[in-house]
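One structure is given here, and the rest of the page talks about it.
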Amino acid sequence: MDALREHKNKAAEFFAKGALESALSEYQKVVQEAPEDLSSRQKVAELLQRLGRKKESIATYEALAEAWARQGWLLRAIALCKVILQIEPRHNRTQRLLAELHAKRLESSPRLAPAPKPVENAPATGNISGGTLPRIPIFSQLSGEELLSVMERLELRVFQPKETIIQEGQLGGSMFAIVEGSVEVVRKLETGGERTLAFMGEGDLFGEMALLSAGPRLASVRASERTMVLELPRERVEQLVTRHPSVGQVLQTFHRERLLINMLRSNPLFRALTPLQREALARDFQLCSVPAGKPLTMQGQSASALYLLLRGTCRVLHEHEDGRESDYRPLREGDVFGEISLMLGVTATATVTTAERCTLLRLDREACERHILHQPGLREALSRMSQERLQRTVEMTSGFWLDEGDLRI
């Protein structure tokens, strides 16, 4: 191990000085002693490419792509295929082999269930599976031929540390899969600062939400280090889905699951649930996309469901006995509403209407009773929140305003 480390250190020093032949020699010594060291084999391929030794670099990349694929690192294998095609555009043997390897691996791997029927009056989706997200979701259910079709449309891109990959507020035009490196997901605060939402690494997929929802990016994504990604632009996604509808199903399933899992993990109402309880609850949540101007709850009527707002804003309007109307502060991403009517058995205290096209998670009354009313801790939390908000609503109608972020339904 010490000898291998010494060879790697020398190789890095030679590379920094531009002595590529010497760096190659050191890495070849590492590969000779430790052929299972795929990272060093990749360094050999890269140096051969830089030195213009085309046939040797292609052969090394090809063997390495097969090795990564056999170990389950499909994204790395695909990225190397893209490099091979940059060197030799007509070299498609490796892509075919990878598709065959992928198909063989799927023979022993269960596929996700087909997409369920859509929610009534909501054009988007249906029930959401609560299972574990596949490591590489876009490829997890594809046949060898379908994978080959995807690979042909992927673009390999490299970003340097702190370079922006996705900009918050811009319309989404591509989705990305991380091959190597890591990224930071950040969102702007009203104060002008930023808040880190997540870190993502090799194998993670991002950017599909805005791509599938045709909305602006909700956060920025920056490279934390030198990061290699595979990019799939919107127009190529559309072409791909036209040819292979199962690809669209895979993306929609992953999109729904990510939205739900993130919400269940982050919302304080559901943090107390065990993973198994969250999984059971997830199966009954429905994702719906609702156009602007559609009422979700009506003042004076019983709420039919519990809602979690994922994207967009909703207007909240209360009509007083004398006919006056009061606008409450709008509901925003992450807000829950409808629980007062469901938990306390009273009619809704305000009308909630979508102010723009919104994406929501919906849990109908029957499912709410099955999952929440039988969970003492969650039921108590919801009941306590409902009582507090109901009291604040009463206070508001008497001339008092609620605190920012409070729910009023």
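Letters A, B, ... go to the chains of the structure tokens in the order shown; residues in each chain start at 1; ligands are counted from 1 in the same order.
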
Which of segment 159-363 of chain A fall in helix (DSSP H, G or I), as a ChimeraX atom specification: /A:208-213,234-243,245-266,275-284,339-344

Residues near Ser149 of chain A, cut-off 9 Å, only C-alpha atoms, skip fewer than 4 positions along chain, as a ChimeraX atom specification: /A:144-145,153,240,243-244

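Atom CA of Leu296 of chain A is found 21.5 Å from atom CA of His371 of chain A.
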
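Every protein, DNA or RNA residue with an atom at most 12 Å from Pro295 of chain A, where only C-alpha atoms count and chain neighbours fewer than 4 positions away do not, is listed here: A:Asn121, A:Val290, A:Pro291, A:Gln299, A:Gln301, A:Ala303, A:Cys314, A:Arg315, A:Val316, A:Leu317, A:Ala350, A:Thr351, A:Val352, A:Thr353, A:Thr354, A:Ala355, A:Glu356, A:Arg357, A:Cys358.
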
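Our summary of the geometry notes that atom CA of Glu180 of chain A is positioned 24.0 Å from atom CA of Lys29 of chain A.
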
Nearest residue to Glu333 of chain A from the set A:Ala348, A:His318, A:Leu361, A:Lys82 (distances using only C-alpha atoms):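 Among A:Ala348, A:His318, A:Leu361, A:Lys82, it is A:Leu361 that comes nearest to Glu333 of chain A.
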
For atom CA of Ile166 of chain A and atom CA of Val241 of chain A, the interatomic separation in Å (one decimal):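 A separation of 23.0 Å between them.
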
Backbone-only DSSP, strand (DSSP E) members of segment 235-347 of chain A, as a PyMOL selection string: chain A and resi 286-290+295-297+305-311+314-319+325-331+336-337

Those selected residues, please, written with N, CA and C atoms and delivered as a PDB file, in the first residue's frame.
ATOM      1  N   GLN A 286     -51.501  11.549  -2.881  1.00  0.00           N
ATOM      2  CA  GLN A 286     -51.650  11.732  -4.314  1.00  0.00           C
ATOM      3  C   GLN A 286     -51.054  13.080  -4.706  1.00  0.00           C
ATOM      4  N   LEU A 287     -50.326  13.078  -5.795  1.00  0.00           N
ATOM      5  CA  LEU A 287     -49.737  14.310  -6.310  1.00  0.00           C
ATOM      6  C   LEU A 287     -50.669  14.879  -7.362  1.00  0.00           C
ATOM      7  N   CYS A 288     -51.018  16.148  -7.253  1.00  0.00           N
ATOM      8  CA  CYS A 288     -51.900  16.750  -8.255  1.00  0.00           C
ATOM      9  C   CYS A 288     -51.367  18.112  -8.684  1.00  0.00           C
ATOM     10  N   SER A 289     -51.554  18.404  -9.936  1.00  0.00           N
ATOM     11  CA  SER A 289     -51.187  19.697 -10.506  1.00  0.00           C
ATOM     12  C   SER A 289     -52.492  20.424 -10.794  1.00  0.00           C
ATOM     13  N   VAL A 290     -52.663  21.604 -10.184  1.00  0.00           N
ATOM     14  CA  VAL A 290     -53.934  22.324 -10.248  1.00  0.00           C
ATOM     15  C   VAL A 290     -53.721  23.688 -10.903  1.00  0.00           C
ATOM     16  N   PRO A 295     -60.575  26.525  -6.646  1.00  0.00           N
ATOM     17  CA  PRO A 295     -60.729  26.430  -5.186  1.00  0.00           C
ATOM     18  C   PRO A 295     -60.416  25.024  -4.697  1.00  0.00           C
ATOM     19  N   LEU A 296     -59.690  24.956  -3.585  1.00  0.00           N
ATOM     20  CA  LEU A 296     -59.332  23.673  -2.985  1.00  0.00           C
ATOM     21  C   LEU A 296     -60.171  23.385  -1.743  1.00  0.00           C
ATOM     22  N   THR A 297     -60.443  24.410  -0.965  1.00  0.00           N
ATOM     23  CA  THR A 297     -61.382  24.302   0.149  1.00  0.00           C
ATOM     24  C   THR A 297     -62.331  25.489   0.076  1.00  0.00           C
ATOM     25  N   ALA A 305     -59.962  16.817   2.105  1.00  0.00           N
ATOM     26  CA  ALA A 305     -58.618  16.246   2.135  1.00  0.00           C
ATOM     27  C   ALA A 305     -57.670  17.151   2.904  1.00  0.00           C
ATOM     28  N   LEU A 306     -56.542  16.571   3.264  1.00  0.00           N
ATOM     29  CA  LEU A 306     -55.419  17.299   3.839  1.00  0.00           C
ATOM     30  C   LEU A 306     -54.451  17.587   2.697  1.00  0.00           C
ATOM     31  N   TYR A 307     -53.986  18.828   2.587  1.00  0.00           N
ATOM     32  CA  TYR A 307     -53.114  19.226   1.483  1.00  0.00           C
ATOM     33  C   TYR A 307     -51.744  19.662   1.992  1.00  0.00           C
ATOM     34  N   LEU A 308     -50.702  19.318   1.219  1.00  0.00           N
ATOM     35  CA  LEU A 308     -49.356  19.827   1.437  1.00  0.00           C
ATOM     36  C   LEU A 308     -48.950  20.538   0.154  1.00  0.00           C
ATOM     37  N   LEU A 309     -48.645  21.813   0.245  1.00  0.00           N
ATOM     38  CA  LEU A 309     -48.317  22.615  -0.931  1.00  0.00           C
ATOM     39  C   LEU A 309     -46.832  22.457  -1.256  1.00  0.00           C
ATOM     40  N   LEU A 310     -46.551  21.945  -2.450  1.00  0.00           N
ATOM     41  CA  LEU A 310     -45.174  21.705  -2.868  1.00  0.00           C
ATOM     42  C   LEU A 310     -44.617  22.810  -3.754  1.00  0.00           C
ATOM     43  N   ARG A 311     -45.459  23.358  -4.603  1.00  0.00           N
ATOM     44  CA  ARG A 311     -44.988  24.379  -5.544  1.00  0.00           C
ATOM     45  C   ARG A 311     -46.122  25.360  -5.796  1.00  0.00           C
ATOM     46  N   CYS A 314     -51.103  29.854  -2.812  1.00  0.00           N
ATOM     47  CA  CYS A 314     -52.560  29.807  -2.763  1.00  0.00           C
ATOM     48  C   CYS A 314     -53.093  31.034  -2.028  1.00  0.00           C
ATOM     49  N   ARG A 315     -54.181  31.576  -2.534  1.00  0.00           N
ATOM     50  CA  ARG A 315     -54.845  32.705  -1.893  1.00  0.00           C
ATOM     51  C   ARG A 315     -55.798  32.179  -0.826  1.00  0.00           C
ATOM     52  N   VAL A 316     -55.822  32.850   0.332  1.00  0.00           N
ATOM     53  CA  VAL A 316     -56.693  32.456   1.440  1.00  0.00           C
ATOM     54  C   VAL A 316     -57.641  33.608   1.728  1.00  0.00           C
ATOM     55  N   LEU A 317     -58.940  33.367   1.564  1.00  0.00           N
ATOM     56  CA  LEU A 317     -59.939  34.422   1.693  1.00  0.00           C
ATOM     57  C   LEU A 317     -60.990  34.037   2.734  1.00  0.00           C
ATOM     58  N   HIS A 318     -61.250  34.972   3.670  1.00  0.00           N
ATOM     59  CA  HIS A 318     -62.294  34.765   4.684  1.00  0.00           C
ATOM     60  C   HIS A 318     -63.415  35.788   4.478  1.00  0.00           C
ATOM     61  N   GLU A 319     -64.638  35.290   4.415  1.00  0.00           N
ATOM     62  CA  GLU A 319     -65.788  36.179   4.264  1.00  0.00           C
ATOM     63  C   GLU A 319     -66.468  36.362   5.622  1.00  0.00           C
ATOM     64  N   GLU A 325     -64.741  40.897   3.022  1.00  0.00           N
ATOM     65  CA  GLU A 325     -63.779  39.827   2.757  1.00  0.00           C
ATOM     66  C   GLU A 325     -62.404  40.225   3.247  1.00  0.00           C
ATOM     67  N   SER A 326     -61.695  39.289   3.825  1.00  0.00           N
ATOM     68  CA  SER A 326     -60.333  39.526   4.308  1.00  0.00           C
ATOM     69  C   SER A 326     -59.390  38.531   3.653  1.00  0.00           C
ATOM     70  N   ASP A 327     -58.319  39.059   3.088  1.00  0.00           N
ATOM     71  CA  ASP A 327     -57.273  38.208   2.514  1.00  0.00           C
ATOM     72  C   ASP A 327     -56.263  37.880   3.596  1.00  0.00           C
ATOM     73  N   TYR A 328     -56.079  36.601   3.881  1.00  0.00           N
ATOM     74  CA  TYR A 328     -55.007  36.196   4.784  1.00  0.00           C
ATOM     75  C   TYR A 328     -53.709  36.153   3.978  1.00  0.00           C
ATOM     76  N   ARG A 329     -52.588  36.061   4.651  1.00  0.00           N
ATOM     77  CA  ARG A 329     -51.318  35.921   3.945  1.00  0.00           C
ATOM     78  C   ARG A 329     -51.342  34.623   3.150  1.00  0.00           C
ATOM     79  N   PRO A 330     -50.769  34.614   1.955  1.00  0.00           N
ATOM     80  CA  PRO A 330     -50.884  33.442   1.082  1.00  0.00           C
ATOM     81  C   PRO A 330     -50.161  32.218   1.638  1.00  0.00           C
ATOM     82  N   LEU A 331     -50.645  31.070   1.248  1.00  0.00           N
ATOM     83  CA  LEU A 331     -49.972  29.815   1.572  1.00  0.00           C
ATOM     84  C   LEU A 331     -48.833  29.613   0.582  1.00  0.00           C
ATOM     85  N   VAL A 336     -49.229  23.264   5.165  1.00  0.00           N
ATOM     86  CA  VAL A 336     -50.254  22.235   5.260  1.00  0.00           C
ATOM     87  C   VAL A 336     -51.580  22.933   5.516  1.00  0.00           C
ATOM     88  N   PHE A 337     -52.657  22.470   4.867  1.00  0.00           N
ATOM     89  CA  PHE A 337     -53.965  23.066   5.147  1.00  0.00           C
ATOM     90  C   PHE A 337     -55.063  22.028   4.961  1.00  0.00           C
TER      91      PHE A 337
END

Non-local contacts of segment 85-95 of chain A (8 Å; only C-alpha atoms; under 2 positions in same chain excluded) as a ChimeraX atom specification: /A:54,58,62,65-66,78,81-83,97-99,148,151

Go ahead and write the selection's residues with C-alpha atoms as a JSON list (two decimals), in the first residue's frame.
[["chain", "number", "residue", "atom", "x", "y", "z"],
["A", 54, "LYS", "CA", -5.76, 7.13, -29.60],
["A", 58, "ILE", "CA", -9.90, 3.76, -26.51],
["A", 62, "GLU", "CA", -13.50, 0.35, -23.22],
["A", 65, "ALA", "CA", -16.27, 1.02, -18.93],
["A", 66, "GLU", "CA", -17.05, -2.70, -18.82],
["A", 78, "ILE", "CA", -21.80, 5.62, -19.61],
["A", 81, "CYS", "CA", -18.65, 5.61, -23.44],
["A", 82, "LYS", "CA", -19.28, 9.27, -24.19],
["A", 83, "VAL", "CA", -15.53, 9.95, -23.97],
["A", 97, "LEU", "CA", -22.07, -4.04, -24.54],
["A", 98, "LEU", "CA", -23.12, -1.76, -21.67],
["A", 99, "ALA", "CA", -26.75, -2.05, -22.70],
["A", 148, "LEU", "CA", -28.93, 2.64, -25.46],
["A", 151, "MET", "CA", -27.15, 7.03, -23.74]]

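Checking A:Glu208, A:Asp2, A:Glu321, A:Glu190 one by one against Gln252 of chain A, counting only C-alpha atoms, you find the shortest gap at A:Glu208.
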
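Nearest residue to Gly201 of chain A, choosing from A:Arg226, A:Arg217, A:Arg278, A:His7 and counting only C-alpha atoms: A:Arg226.
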